[in-house]
Each structure stands twice: as C-alpha cells, then as structure tokens.
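Novice: Handing you this structure, nothing more for now.
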Amino acid sequence: MGTFLATLLVAGAVAAPVTGPATNITATGATLTGTVDAPGMAHFEYGTTESYGLTTTPQMVTEGPVEAAVTGLTAETTYHYRLVGPGGAGEDETFTTAANPLP
C-alpha cells in the first residue's frame with residue numbers, strides 16, 4: 001500500500017517551470033520564454049535585481065512553451081527574470097538590453 005501511495009504522489013507532482021532564454025532583445029524590450037509541464041496560470045517576474053519588482057500579465061497556459069514581451073526597459077542594463085507557474089518558480093536568468101541606436 002505504501003508503494004502505491006508513493007507512486008500516486010509522484011505521478012501527481014508538477015515540476016517547476018523552466019525559464020528559457022530571452023529573445024528579440026532591443027534597447028527597450030525583450031521577449032521572455034520558458035516552459036511549463038502542466039496547465040494553469042503563469043507569468044514572468046523581472047527587474048534589475050533578483051528581487052524583480054515587475055511582472056508580466058498572468059496568462060492561462062497549457063503544457064509547453066510560454067512567452068511574454070516586456071517593454072519600457074532601460075538600454076544597456078542587465079535584467080533578471082524567471083517564469084512563475086504551475087509547480088512554482090523557474091531559475092533566475094539574465095539578459096542585457098542593447099545600446100540605444102545612434103541618431
């Protein structure tokens with residue numbers, strides 16, 4: 001009986017989201033990516049420190065890839081971000097925005 005119960009508990013566990021790479025990075029924006037292994041609500045936390053301070057709008061997701069565009073960022077600045085969703089929070093990742101284009 002104990003093995004059966006342990007199997008049910010493991011089968012019902014939801015893994016933490018996986019924070020993916022930031023893409024489409026410009027001087028003032030980027031697209032944050034990640035994956036989840038269960039349906040539910042997900043969002044990204046981001047900011048200039050691991051305290052984040054900013055979040056994207058929560059979205060209902062299914063199992064698989066998740067992405068959100070962020071704008072209003074400061075040029076040549078390092079940002080921390082992570083995906084939060086079913087199963088908890090993903091690992092902290094960073095990206096650096098591009099320089100402002102020359103006039």
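Following the order of the structure tokens, chains are lettered A, B, ..., residues in each are numbered from 1, and ligands are numbered from 1.
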In chain A, what's strand (DSSP E) per DSSP? Answer as a VMD selection string?
Specialist: chain A and resid 18 to 19 29 to 36 40 to 47 54 to 55 59 to 61 64 to 71 78 to 85 88 to 89 93 to 96
Novice: Write to file, as a CSV table (one decimal), in the first residue's frame, the residues of the selection just made, with N, CA and C atoms.
Specialist:
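What ended up in selection.csv:
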chain,number,residue,atom,x,y,z
A,18,VAL,N,10.5,25.9,-16.3
A,18,VAL,CA,11.9,26.1,-16.8
A,18,VAL,C,11.9,27.5,-17.5
A,19,THR,N,12.8,28.3,-16.9
A,19,THR,CA,13.0,29.7,-17.5
A,19,THR,C,13.9,29.5,-18.7
A,29,GLY,N,13.3,46.6,-24.9
A,29,GLY,CA,12.4,45.4,-24.8
A,29,GLY,C,13.0,44.1,-25.0
A,30,ALA,N,12.3,43.1,-24.8
A,30,ALA,CA,12.7,41.7,-25.0
A,30,ALA,C,11.5,40.8,-24.9
A,31,THR,N,11.7,39.5,-25.4
A,31,THR,CA,10.7,38.5,-25.2
A,31,THR,C,11.2,37.5,-24.3
A,32,LEU,N,10.5,37.2,-23.2
A,32,LEU,CA,10.9,36.2,-22.2
A,32,LEU,C,10.3,34.9,-22.5
A,33,THR,N,11.0,33.8,-22.4
A,33,THR,CA,10.5,32.5,-22.7
A,33,THR,C,10.7,31.5,-21.6
A,34,GLY,N,9.9,30.4,-21.7
A,34,GLY,CA,10.1,29.3,-20.8
A,34,GLY,C,9.1,28.2,-21.1
A,35,THR,N,9.1,27.2,-20.3
A,35,THR,CA,8.1,26.0,-20.5
A,35,THR,C,7.5,25.6,-19.2
A,36,VAL,N,6.3,25.1,-19.2
A,36,VAL,CA,5.6,24.5,-18.1
A,36,VAL,C,5.2,23.1,-18.4
A,40,GLY,N,-2.3,25.9,-16.3
A,40,GLY,CA,-2.5,26.8,-15.2
A,40,GLY,C,-2.2,28.2,-15.5
A,41,MET,N,-2.1,29.0,-14.5
A,41,MET,CA,-1.7,30.4,-14.7
A,41,MET,C,-0.2,30.6,-14.6
A,42,ALA,N,0.4,31.4,-15.5
A,42,ALA,CA,1.8,31.7,-15.5
A,42,ALA,C,2.1,33.1,-15.7
A,43,HIS,N,3.2,33.6,-15.2
A,43,HIS,CA,3.7,35.0,-15.5
A,43,HIS,C,5.2,35.0,-15.3
A,44,PHE,N,5.8,36.1,-15.8
A,44,PHE,CA,7.3,36.3,-15.6
A,44,PHE,C,7.5,37.4,-14.5
A,45,GLU,N,8.4,37.2,-13.7
A,45,GLU,CA,8.9,38.3,-12.8
A,45,GLU,C,10.2,38.8,-13.4
A,46,TYR,N,10.4,40.1,-13.4
A,46,TYR,CA,11.6,40.6,-14.0
A,46,TYR,C,12.0,42.0,-13.3
A,47,GLY,N,13.3,42.3,-13.4
A,47,GLY,CA,13.7,43.6,-12.8
A,47,GLY,C,15.2,43.6,-12.8
A,54,LEU,N,8.9,43.7,-11.0
A,54,LEU,CA,7.9,43.8,-12.1
A,54,LEU,C,7.4,42.4,-12.5
A,55,THR,N,6.2,42.4,-13.0
A,55,THR,CA,5.6,41.1,-13.5
A,55,THR,C,4.9,41.4,-14.8
A,59,GLN,N,-1.1,34.8,-17.5
A,59,GLN,CA,-1.9,34.2,-18.6
A,59,GLN,C,-2.1,32.7,-18.4
A,60,MET,N,-3.3,32.2,-18.9
A,60,MET,CA,-3.6,30.8,-18.8
A,60,MET,C,-2.8,30.1,-19.8
A,61,VAL,N,-2.1,29.0,-19.4
A,61,VAL,CA,-1.2,28.3,-20.3
A,61,VAL,C,-1.5,26.8,-20.2
A,64,GLY,N,3.7,23.2,-22.1
A,64,GLY,CA,4.6,23.6,-23.2
A,64,GLY,C,5.1,25.0,-23.1
A,65,PRO,N,5.5,25.6,-24.2
A,65,PRO,CA,6.1,26.9,-24.2
A,65,PRO,C,5.3,28.0,-23.7
A,66,VAL,N,5.9,29.0,-23.1
A,66,VAL,CA,5.3,30.2,-22.6
A,66,VAL,C,6.2,31.4,-23.0
A,67,GLU,N,5.6,32.5,-23.4
A,67,GLU,CA,6.4,33.7,-23.7
A,67,GLU,C,5.6,34.9,-23.4
A,68,ALA,N,6.4,36.0,-23.1
A,68,ALA,CA,5.8,37.3,-22.9
A,68,ALA,C,6.7,38.4,-23.3
A,69,ALA,N,6.2,39.4,-24.0
A,69,ALA,CA,7.1,40.5,-24.4
A,69,ALA,C,7.1,41.6,-23.2
A,70,VAL,N,8.2,42.1,-23.0
A,70,VAL,CA,8.3,43.2,-22.0
A,70,VAL,C,8.9,44.4,-22.7
A,71,THR,N,8.4,45.6,-22.3
A,71,THR,CA,8.8,46.8,-23.0
A,71,THR,C,9.1,47.9,-21.9
A,78,THR,N,21.3,45.2,-17.3
A,78,THR,CA,21.1,43.8,-17.1
A,78,THR,C,19.8,43.6,-16.3
A,79,TYR,N,19.0,42.7,-16.8
A,79,TYR,CA,17.7,42.4,-16.1
A,79,TYR,C,17.7,40.9,-15.7
A,80,HIS,N,17.2,40.7,-14.5
A,80,HIS,CA,16.9,39.3,-14.1
A,80,HIS,C,15.5,39.0,-14.4
A,81,TYR,N,15.2,37.7,-14.6
A,81,TYR,CA,13.8,37.3,-14.8
A,81,TYR,C,13.7,35.8,-14.5
A,82,ARG,N,12.4,35.4,-14.3
A,82,ARG,CA,12.1,33.9,-14.1
A,82,ARG,C,10.6,33.7,-14.4
A,83,LEU,N,10.3,32.5,-14.8
A,83,LEU,CA,9.0,32.1,-15.1
A,83,LEU,C,8.3,31.5,-13.8
A,84,VAL,N,7.1,32.0,-13.5
A,84,VAL,CA,6.4,31.5,-12.4
A,84,VAL,C,5.1,30.9,-12.9
A,85,GLY,N,4.8,29.7,-12.5
A,85,GLY,CA,3.6,29.0,-13.0
A,85,GLY,C,3.3,27.8,-12.2
A,88,GLY,N,5.5,26.2,-9.2
A,88,GLY,CA,6.4,27.1,-8.6
A,88,GLY,C,7.1,28.1,-9.5
A,89,ALA,N,8.4,28.4,-9.2
A,89,ALA,CA,9.1,29.4,-10.0
A,89,ALA,C,10.4,28.7,-10.6
A,93,GLU,N,17.3,33.9,-14.5
A,93,GLU,CA,18.2,34.1,-15.7
A,93,GLU,C,18.4,35.6,-15.9
A,94,THR,N,19.3,35.9,-16.8
A,94,THR,CA,19.6,37.4,-17.0
A,94,THR,C,19.8,37.6,-18.5
A,95,PHE,N,19.5,38.9,-18.9
A,95,PHE,CA,19.9,39.4,-20.2
A,95,PHE,C,20.2,40.8,-20.1
A,96,THR,N,21.0,41.3,-21.1
A,96,THR,CA,21.3,42.8,-21.1
A,96,THR,C,20.7,43.4,-22.3
Novice: Using CA of Glu63 (chain A) and CA of Ala15 (chain A) as the two end points, give the distance in Å to one decimal.
Specialist: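 Atom-to-atom, CA of Glu63 (chain A) to CA of Ala15 (chain A), that is 11.2 Å.
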Novice: Which residue gives the smallest distance to Thr62 (chain A) among A:Gly90, A:Ala16, A:Ala38, A:Thr97, with only C-alpha atoms counted?
Specialist: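 Nearest candidate to Thr62 (chain A) out of A:Gly90, A:Ala16, A:Ala38, A:Thr97: A:Ala38.
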Novice: Which residue gives the smallest distance to Glu91 (chain A) among A:Val14, A:Asp37, A:Thr23, A:Glu50, with only C-alpha atoms counted?
Specialist: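 Nearest to Glu91 (chain A): A:Glu50.
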Novice: For Glu76 (chain A), which residue among A:Gly53, A:Ala99, A:Pro39, A:Pro17 is the nearest when counting only C-alpha atoms?
Specialist: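 Of the candidates, the smallest distance to Glu76 (chain A) is held by A:Ala99.
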Novice: Taking into account only C-alpha atoms, which residue in the set A:Ala27, A:Thr74, A:Ala22, A:Asp92 is nearest to Ser51 (chain A)?
Specialist: A:Asp92
Novice: What separation in Å, quoted to one decimal, exists between CA of Gly87 (chain A) and CA of Asn24 (chain A)?
Specialist: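 Pair CA of Gly87 (chain A) / CA of Asn24 (chain A) returns 27.0 Å.
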Novice: To one decimal place, how far is CA of Ala75 (chain A) from CA of Pro101 (chain A) in Å?
Specialist: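 For CA of Ala75 (chain A) relative to CA of Pro101 (chain A), the distance reads 9.6 Å.
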